[in-house]
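Undergrad: Structure file start.cif, mmCIF, C-alpha atoms and all ligand atoms, is pasted below:
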data_upload
loop_
_atom_site.group_PDB
_atom_site.id
_atom_site.type_symbol
_atom_site.label_atom_id
_atom_site.label_comp_id
_atom_site.auth_asym_id
_atom_site.auth_seq_id
_atom_site.Cartn_x
_atom_site.Cartn_y
_atom_site.Cartn_z
ATOM 1 C CA MET D 1 50.916 187.033 -64.904
ATOM 2 C CA ARG D 2 54.099 188.545 -63.508
ATOM 3 C CA GLU D 3 55.488 192.083 -63.784
ATOM 4 C CA VAL D 4 58.974 191.777 -65.310
ATOM 5 C CA ALA D 5 59.654 195.494 -65.954
ATOM 6 C CA ASP D 6 57.801 198.766 -65.340
ATOM 7 C CA ASP D 7 54.228 198.153 -66.589
ATOM 8 C CA VAL D 8 55.375 195.038 -68.534
ATOM 9 C CA TYR D 9 53.802 191.691 -67.672
ATOM 10 C CA HIS D 10 54.764 188.160 -68.710
ATOM 11 C CA LEU D 11 51.935 185.689 -69.361
ATOM 12 C CA SER D 12 53.309 182.152 -69.404
ATOM 13 C CA LEU D 13 50.861 180.035 -71.420
ATOM 14 C CA SER D 14 52.531 176.632 -71.141
ATOM 15 C CA PRO D 15 55.057 174.882 -68.856
ATOM 16 C CA ARG D 16 58.598 176.327 -68.629
ATOM 17 C CA SER D 17 57.362 179.432 -70.469
ATOM 18 C CA SER D 18 57.535 177.486 -73.713
ATOM 19 C CA VAL D 19 54.762 179.702 -75.129
ATOM 20 C CA ASN D 20 54.394 183.319 -73.975
ATOM 21 C CA ALA D 21 52.234 186.390 -74.309
ATOM 22 C CA TYR D 22 52.938 189.819 -72.802
ATOM 23 C CA LEU D 23 50.938 192.783 -71.580
ATOM 24 C CA LEU D 24 52.660 196.117 -72.277
ATOM 25 C CA GLY D 25 50.545 198.594 -70.329
ATOM 26 C CA ASP D 26 47.146 198.029 -71.951
ATOM 27 C CA VAL D 27 48.493 196.311 -75.094
ATOM 28 C CA LEU D 28 48.301 192.520 -75.266
ATOM 29 C CA VAL D 29 51.121 191.012 -77.348
ATOM 30 C CA ASP D 30 50.368 187.569 -78.850
ATOM 31 C CA ALA D 31 47.810 185.020 -77.621
ATOM 32 C CA GLY D 32 49.375 181.565 -78.017
ATOM 33 C CA MET D 33 47.763 178.534 -79.637
ATOM 34 C CA SER D 34 43.973 178.515 -80.014
ATOM 35 C CA PHE D 35 43.493 176.297 -76.942
ATOM 36 C CA MET D 36 45.492 178.777 -74.804
ATOM 37 C CA ALA D 37 43.044 181.687 -75.221
ATOM 38 C CA GLY D 38 41.346 180.889 -71.913
ATOM 39 C CA LYS D 39 44.682 181.183 -70.117
ATOM 40 C CA VAL D 40 45.285 184.568 -71.707
ATOM 41 C CA LEU D 41 41.847 185.829 -70.745
ATOM 42 C CA SER D 42 42.036 184.568 -67.154
ATOM 43 C CA GLN D 43 45.438 186.206 -66.640
ATOM 44 C CA VAL D 44 44.361 189.634 -67.934
ATOM 45 C CA ARG D 45 41.041 189.559 -66.090
ATOM 46 C CA GLY D 46 40.515 192.763 -64.116
ATOM 47 C CA ARG D 47 43.015 194.730 -66.200
ATOM 48 C CA VAL D 48 42.319 197.195 -68.984
ATOM 49 C CA VAL D 49 43.256 195.818 -72.401
ATOM 50 C CA ALA D 50 42.805 198.431 -75.132
ATOM 51 C CA GLN D 51 44.557 196.767 -78.031
ATOM 52 C CA HIS D 52 45.861 193.377 -79.172
ATOM 53 C CA VAL D 53 48.965 193.174 -81.343
ATOM 54 C CA LEU D 54 50.863 190.236 -82.828
ATOM 55 C CA THR D 55 54.581 189.761 -83.379
ATOM 56 C CA HIS D 56 53.740 187.523 -86.350
ATOM 57 C CA ALA D 57 51.036 185.439 -88.029
ATOM 58 C CA HIS D 58 51.934 181.928 -86.828
ATOM 59 C CA LEU D 59 49.476 179.600 -85.123
ATOM 60 C CA ASP D 60 51.336 179.537 -81.790
ATOM 61 C CA HIS D 61 50.981 183.333 -81.485
ATOM 62 C CA ALA D 62 47.785 184.200 -83.370
ATOM 63 C CA GLY D 63 45.856 180.982 -82.668
ATOM 64 C CA GLY D 64 44.305 182.316 -79.474
ATOM 65 C CA SER D 65 43.532 185.741 -80.904
ATOM 66 C CA ARG D 66 40.019 185.016 -82.241
ATOM 67 C CA LYS D 67 38.657 184.065 -78.806
ATOM 68 C CA VAL D 68 40.561 186.892 -77.134
ATOM 69 C CA LEU D 69 39.132 189.469 -79.557
ATOM 70 C CA ASP D 70 35.613 188.094 -79.270
ATOM 71 C CA ALA D 71 35.850 188.365 -75.475
ATOM 72 C CA LEU D 72 37.634 191.713 -75.157
ATOM 73 C CA ARG D 73 36.291 193.537 -78.270
ATOM 74 C CA VAL D 74 39.522 195.421 -78.945
ATOM 75 C CA PRO D 75 41.302 196.184 -82.228
ATOM 76 C CA LEU D 76 43.995 193.862 -83.582
ATOM 77 C CA ARG D 77 47.138 194.973 -85.384
ATOM 78 C CA ALA D 78 50.266 193.314 -86.774
ATOM 79 C CA GLY D 79 53.002 193.872 -89.357
ATOM 80 C CA ALA D 80 51.533 194.796 -92.765
ATOM 81 C CA LEU D 81 53.085 191.880 -94.655
ATOM 82 C CA ASP D 82 51.550 189.364 -92.217
ATOM 83 C CA LEU D 83 48.012 190.666 -92.719
ATOM 84 C CA PRO D 84 47.098 188.311 -95.624
ATOM 85 C CA ALA D 85 48.012 185.315 -93.432
ATOM 86 C CA LEU D 86 46.026 186.644 -90.456
ATOM 87 C CA HIS D 87 42.993 187.440 -92.614
ATOM 88 C CA ALA D 88 43.036 183.844 -93.908
ATOM 89 C CA GLY D 89 43.993 182.185 -90.613
ATOM 90 C CA GLU D 90 47.080 180.636 -92.205
ATOM 91 C CA THR D 91 50.619 180.248 -90.910
ATOM 92 C CA TRP D 92 52.733 179.391 -93.944
ATOM 93 C CA THR D 93 51.500 181.601 -96.756
ATOM 94 C CA GLU D 94 55.134 181.983 -97.916
ATOM 95 C CA LEU D 95 55.881 178.246 -98.295
ATOM 96 C CA ARG D 96 55.266 176.846 -101.775
ATOM 97 C CA GLY D 97 54.776 173.390 -103.308
ATOM 98 C CA ILE D 98 53.654 170.239 -101.552
ATOM 99 C CA VAL D 99 55.338 171.185 -98.258
ATOM 100 C CA GLY D 100 53.510 174.487 -98.351
ATOM 101 C CA ARG D 101 50.163 172.867 -99.106
ATOM 102 C CA VAL D 102 50.465 170.270 -96.323
ATOM 103 C CA GLY D 103 51.929 172.815 -93.903
ATOM 104 C CA ARG D 104 49.135 175.284 -94.617
ATOM 105 C CA ARG D 105 46.469 172.691 -93.925
ATOM 106 C CA LEU D 106 48.059 171.614 -90.636
ATOM 107 C CA SER D 107 48.715 175.084 -89.331
ATOM 108 C CA THR D 108 45.484 176.980 -89.789
ATOM 109 C CA TYR D 109 43.810 178.936 -86.986
ATOM 110 C CA PRO D 110 40.584 180.934 -86.694
ATOM 111 C CA PRO D 111 40.800 183.765 -89.286
ATOM 112 C CA LEU D 112 41.304 187.351 -88.128
ATOM 113 C CA PRO D 113 39.799 189.466 -90.939
ATOM 114 C CA GLU D 114 39.805 192.598 -88.799
ATOM 115 C CA ALA D 115 43.609 192.704 -88.426
ATOM 116 C CA ALA D 116 45.048 196.099 -89.422
ATOM 117 C CA ALA D 117 48.635 197.255 -89.909
ATOM 118 C CA LEU D 118 51.171 198.454 -87.369
ATOM 119 C CA THR D 119 53.614 201.021 -88.704
ATOM 120 C CA PRO D 120 57.343 200.570 -88.000
ATOM 121 C CA GLY D 121 58.487 203.432 -85.779
ATOM 122 C CA GLU D 122 55.099 204.064 -84.191
ATOM 123 C CA GLU D 123 54.814 203.984 -80.412
ATOM 124 C CA ILE D 124 52.535 201.538 -78.600
ATOM 125 C CA GLY D 125 51.837 200.958 -74.923
ATOM 126 C CA PRO D 126 54.153 202.407 -72.260
ATOM 127 C CA GLY D 127 56.940 203.738 -74.491
ATOM 128 C CA PHE D 128 57.509 200.818 -76.892
ATOM 129 C CA VAL D 129 58.453 201.419 -80.527
ATOM 130 C CA VAL D 130 57.454 199.015 -83.328
ATOM 131 C CA LEU D 131 60.484 197.549 -85.142
ATOM 132 C CA ASP D 132 60.307 195.782 -88.497
ATOM 133 C CA THR D 133 62.134 192.433 -87.937
ATOM 134 C CA PRO D 134 61.329 190.196 -90.950
ATOM 135 C CA GLY D 135 62.579 186.691 -91.733
ATOM 136 C CA HIS D 136 60.716 184.297 -89.419
ATOM 137 C CA SER D 137 57.668 185.735 -91.189
ATOM 138 C CA ALA D 138 57.512 188.448 -93.840
ATOM 139 C CA GLY D 139 55.807 190.939 -91.531
ATOM 140 C CA HIS D 140 57.375 189.964 -88.192
ATOM 141 C CA VAL D 141 57.636 192.918 -85.777
ATOM 142 C CA SER D 142 59.319 193.430 -82.405
ATOM 143 C CA PHE D 143 58.654 195.984 -79.660
ATOM 144 C CA TRP D 144 61.502 197.975 -78.099
ATOM 145 C CA ARG D 145 61.656 200.327 -75.122
ATOM 146 C CA GLU D 146 64.951 202.145 -75.076
ATOM 147 C CA ARG D 147 64.693 203.791 -71.642
ATOM 148 C CA ASP D 148 65.131 200.516 -69.754
ATOM 149 C CA GLY D 149 66.256 198.248 -72.597
ATOM 150 C CA VAL D 150 63.177 195.996 -72.795
ATOM 151 C CA LEU D 151 62.779 194.045 -76.043
ATOM 152 C CA VAL D 152 59.786 191.888 -77.006
ATOM 153 C CA CYS D 153 61.235 189.951 -79.936
ATOM 154 C CA GLY D 154 58.651 187.282 -80.844
ATOM 155 C CA ASP D 155 60.457 184.467 -82.667
ATOM 156 C CA VAL D 156 63.382 186.430 -84.107
ATOM 157 C CA VAL D 157 65.214 184.666 -81.279
ATOM 158 C CA ASN D 158 64.029 181.723 -79.180
ATOM 159 C CA ALA D 159 64.973 181.957 -75.487
ATOM 160 C CA MET D 160 64.979 178.189 -75.068
ATOM 161 C CA ASN D 161 66.075 175.092 -76.923
ATOM 162 C CA LEU D 162 62.743 174.043 -78.441
ATOM 163 C CA LYS D 163 63.592 170.320 -78.157
ATOM 164 C CA THR D 164 64.994 170.197 -74.607
ATOM 165 C CA THR D 165 63.225 173.362 -73.256
ATOM 166 C CA ARG D 166 66.561 174.377 -71.700
ATOM 167 C CA PRO D 167 66.788 178.208 -71.464
ATOM 168 C CA GLY D 168 69.277 179.889 -73.816
ATOM 169 C CA LEU D 169 69.287 181.881 -77.042
ATOM 170 C CA HIS D 170 68.875 180.197 -80.420
ATOM 171 C CA ALA D 171 67.853 181.222 -83.899
ATOM 172 C CA PRO D 172 64.445 179.710 -84.709
ATOM 173 C CA PRO D 173 64.579 176.473 -86.758
ATOM 174 C CA ASP D 174 65.036 177.053 -90.511
ATOM 175 C CA ALA D 175 62.146 174.642 -91.188
ATOM 176 C CA VAL D 176 59.677 177.127 -89.679
ATOM 177 C CA THR D 177 61.472 180.280 -90.874
ATOM 178 C CA PRO D 178 60.714 181.124 -94.512
ATOM 179 C CA ASP D 179 63.750 183.418 -94.864
ATOM 180 C CA PRO D 180 66.479 182.418 -92.365
ATOM 181 C CA ALA D 181 69.072 184.844 -93.812
ATOM 182 C CA ARG D 182 66.693 187.761 -93.374
ATOM 183 C CA ASN D 183 65.947 186.598 -89.852
ATOM 184 C CA ARG D 184 69.678 186.524 -89.109
ATOM 185 C CA ALA D 185 69.865 190.150 -90.269
ATOM 186 C CA SER D 186 67.015 190.915 -87.841
ATOM 187 C CA ILE D 187 68.912 189.139 -85.025
ATOM 188 C CA ARG D 188 72.010 191.260 -85.735
ATOM 189 C CA ARG D 189 69.894 194.415 -85.706
ATOM 190 C CA LEU D 190 68.312 193.505 -82.357
ATOM 191 C CA ALA D 191 71.711 192.591 -80.860
ATOM 192 C CA GLU D 192 72.949 196.089 -81.692
ATOM 193 C CA LEU D 193 70.241 197.486 -79.418
ATOM 194 C CA GLU D 194 71.906 195.654 -76.470
ATOM 195 C CA PRO D 195 68.592 194.790 -74.757
ATOM 196 C CA ARG D 196 68.764 194.381 -70.987
ATOM 197 C CA LEU D 197 65.577 192.309 -70.784
ATOM 198 C CA LEU D 198 64.701 189.994 -73.665
ATOM 199 C CA LEU D 199 61.105 188.761 -73.830
ATOM 200 C CA ALA D 200 60.750 186.054 -76.486
ATOM 201 C CA GLY D 201 57.800 184.099 -77.794
ATOM 202 C CA HIS D 202 59.352 180.875 -76.504
ATOM 203 C CA GLY D 203 61.450 180.580 -73.347
ATOM 204 C CA PRO D 204 61.624 182.465 -70.048
ATOM 205 C CA PRO D 205 62.369 186.195 -69.756
ATOM 206 C CA MET D 206 66.138 186.727 -70.000
ATOM 207 C CA VAL D 207 67.726 189.485 -67.902
ATOM 208 C CA ASN D 208 71.130 190.908 -68.858
ATOM 209 C CA ALA D 209 70.513 189.619 -72.374
ATOM 210 C CA GLN D 210 72.925 191.974 -74.130
ATOM 211 C CA VAL D 211 76.054 189.796 -73.779
ATOM 212 C CA PRO D 212 74.485 186.420 -74.712
ATOM 213 C CA LEU D 213 72.588 188.032 -77.602
ATOM 214 C CA THR D 214 75.739 189.686 -78.958
ATOM 215 C CA MET D 215 77.632 186.381 -78.645
ATOM 216 C CA MET D 216 74.835 184.457 -80.336
ATOM 217 C CA ALA D 217 74.634 187.003 -83.176
ATOM 218 C CA GLY D 218 78.410 186.684 -83.600
ATOM 219 C CA ARG D 219 78.160 182.903 -84.012
ATOM 220 C CA LEU D 220 75.598 183.102 -86.828
ATOM 221 C CA PRO D 221 76.697 182.050 -90.311
ATOM 222 C CA GLU D 222 77.779 184.950 -92.546
ATOM 223 C CA ASP D 223 75.215 186.018 -95.133
HETATM 224 ZN ZN ZN D 301 56.431 180.802 -82.236
#
Please express what this file holds, its structure, as structure tokens.
Ligand SMILES: [Zn+2]
TA:
Amino acid sequence: MREVADDVYHLSLSPRSSVNAYLLGDVLVDAGMSFMAGKVLSQVRGRVVAQHVLTHAHLDHAGGSRKVLDALRVPLRAGALDLPALHAGETWTELRGIVGRVGRRLSTYPPLPEAAALTPGEEIGPGFVVLDTPGHSAGHVSFWRERDGVLVCGDVVNAMNLKTTRPGLHAPPDAVTPDPARNRASIRRLAELEPRLLLAGHGPPMVNAQVPLTMMAGRLPED
């Protein structure tokens, strides 16, 4: 675990920071795949964790949450529209038809029936505000601290090429994003914040992110 901004810690859960969690003061953001829970717990050992929150209800973020909650006994919260998926332990509740059925079966994780709702605009941890950033999931949220421009954006933006693992900003693949146009709107909204430090679900922390994020948002297809 490494401090990347005042009272903000990066937990790299797999090589090249291809899966990340973060500790914002005493708030743990995301917990990786289910087999990564031990890595989360060992990295936060000795620190106070008062709450666990999720950027969104996908298995590579919420998969580790069951073991983390059982060990730490703290409340769990996430965006309201992702609660049905978390309660069921499902990733692709939005996908329909055969793809949805197969995808649902392959992407389950231990259910989190205790998950409660975060409210957009509320403050969590050391000065972060909850932002509603839907598209990659219906209830996807991000966490923004204006005073030093720190943005925890989940999978609204990937900070690496998921195939090559090369660092850089990319929209998440459409195949795993139920509403890509809505996600693009969320990317544009986040770019307007001009974050100085971008902390994504996948890829290393990016400093001076405002220019690359603005450029990337400008290259997106029009909606
Ligand atoms: Zn992800």
Undergrad: Take the PyMOL selection byres (((not hetatm)) within 8 of (chain D and resi 301)), apply it to the structure above, and return the hits as a ChimeraX atom specification.
TA: /D:19,58-61,154-155,201-202
Undergrad: Residues within 12 Å of D:Leu162, please, as a PyMOL selection string. Count only C-alpha atoms; anything in the same chain fewer than 6 positions from it doesn't count.
TA: chain D and resi 16-19+155+168-173+201-204
Undergrad: Identify, on the basis of only C-alpha atoms, every residue whose closest approach to D:Val130 does not exceed 8 Å; exclude the query and any residue fewer than 4 positions from it along the same chain; express the result as number ranges by chain.
TA: D: 118-124, 141-144
Undergrad: Build an axis-aligned box that encloses every atom of stretch 180-190 of chain D listed in the file, pad it by 5 Å on each side, and report its centre and edge lengths in Å to one decimal, as JSON.
TA:
{"center_x": 69.0, "center_y": 188.4, "center_z": -88.1, "size_x": 16.1, "size_y": 22.0, "size_z": 21.5}
Undergrad: Using atom CA of D:Val29 and atom CA of D:Asp6 as the two end points, give the distance in Å to one decimal.
TA: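 Between atom CA of D:Val29 and atom CA of D:Asp6 the gap is 15.8 Å.
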Undergrad: Any chance you could resolve the PyMOL selection byres (((chain D and resi 73) around 12) and not hetatm) against this file and give the residues as a ChimeraX atom specification?
TA: /D:48-52,65-72,74-76,114
Undergrad: Kindly give the distance, in Å, that separates atom CA of D:Ala191 and atom CA of D:Pro221, rounded to a single decimal.
TA: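 These atoms are spaced 15.0 Å apart.
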Undergrad: Which is closer to D:Arg145 than all the others in D:Ala5, D:Gln43, D:Ala78, D:His10, using all atoms listed in the file?
TA: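 Nearest to D:Arg145: D:Ala5.
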Undergrad: Quick one, how far is atom CA of D:Leu151 from atom CA of D:Leu198?
TA: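 Here the two named atoms are 5.1 Å from each other.
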Undergrad: Using all atoms listed in the file and a cutoff of 12 Å, can you tell me which residues are near (47.9, 189.1, -92.5) in the file's coordinates, and write them out as a PyMOL selection string?
TA: chain D and resi 53-58+62+76-94+111-118+137-140
Undergrad: Taking the file above as input, evaluate the PyMOL selection byres (((chain D and resi 205-217) around 6) and not hetatm) and report the hits as JSON, numbers by chain.
TA: {"D": [188, 191, 194, 195, 196, 197, 198, 199, 204, 218, 219, 220]}
Undergrad: Compare D:Asn20, D:Asn183, D:Thr164, D:Ser34 by their minimum atom-to-atom distance to D:Ser107, counting all atoms listed in the file, and give me the closest one.
TA: D:Ser34
Undergrad: Using all atoms listed in the file, which residues sit within 6 Å of D:Ala200 once same-chain residues fewer than 4 positions away are excluded, as a list in words?
TA: Val152, Cys153, Gly154 and Ala159 of chain D
Undergrad: Identify which of the residues D:Ala21, D:Met33, D:Val129, D:Val156 lies closest to D:Arg182, counting all atoms listed in the file when measuring atom-to-atom distances.
TA: D:Val156
Undergrad: Of the candidates D:Gly64, D:Asp179, D:Tyr9, D:Arg47, which shows the shortest atom-to-atom distance to D:Gly32, using only C-alpha atoms?
TA: D:Gly64
Undergrad: May I ask which of the residues D:Ser14, D:Gly135, D:Thr165, D:Met160 is the closest one to D:Ala181, counting all atoms listed in the file?
TA: D:Gly135
Undergrad: Between D:Val176, D:Gly63, D:Pro15, D:Arg184, which residue has the minimum interatomic distance to D:Gly103, considering all atoms listed in the file?
TA: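 The shortest atom-to-atom distance to D:Gly103 comes from D:Val176.
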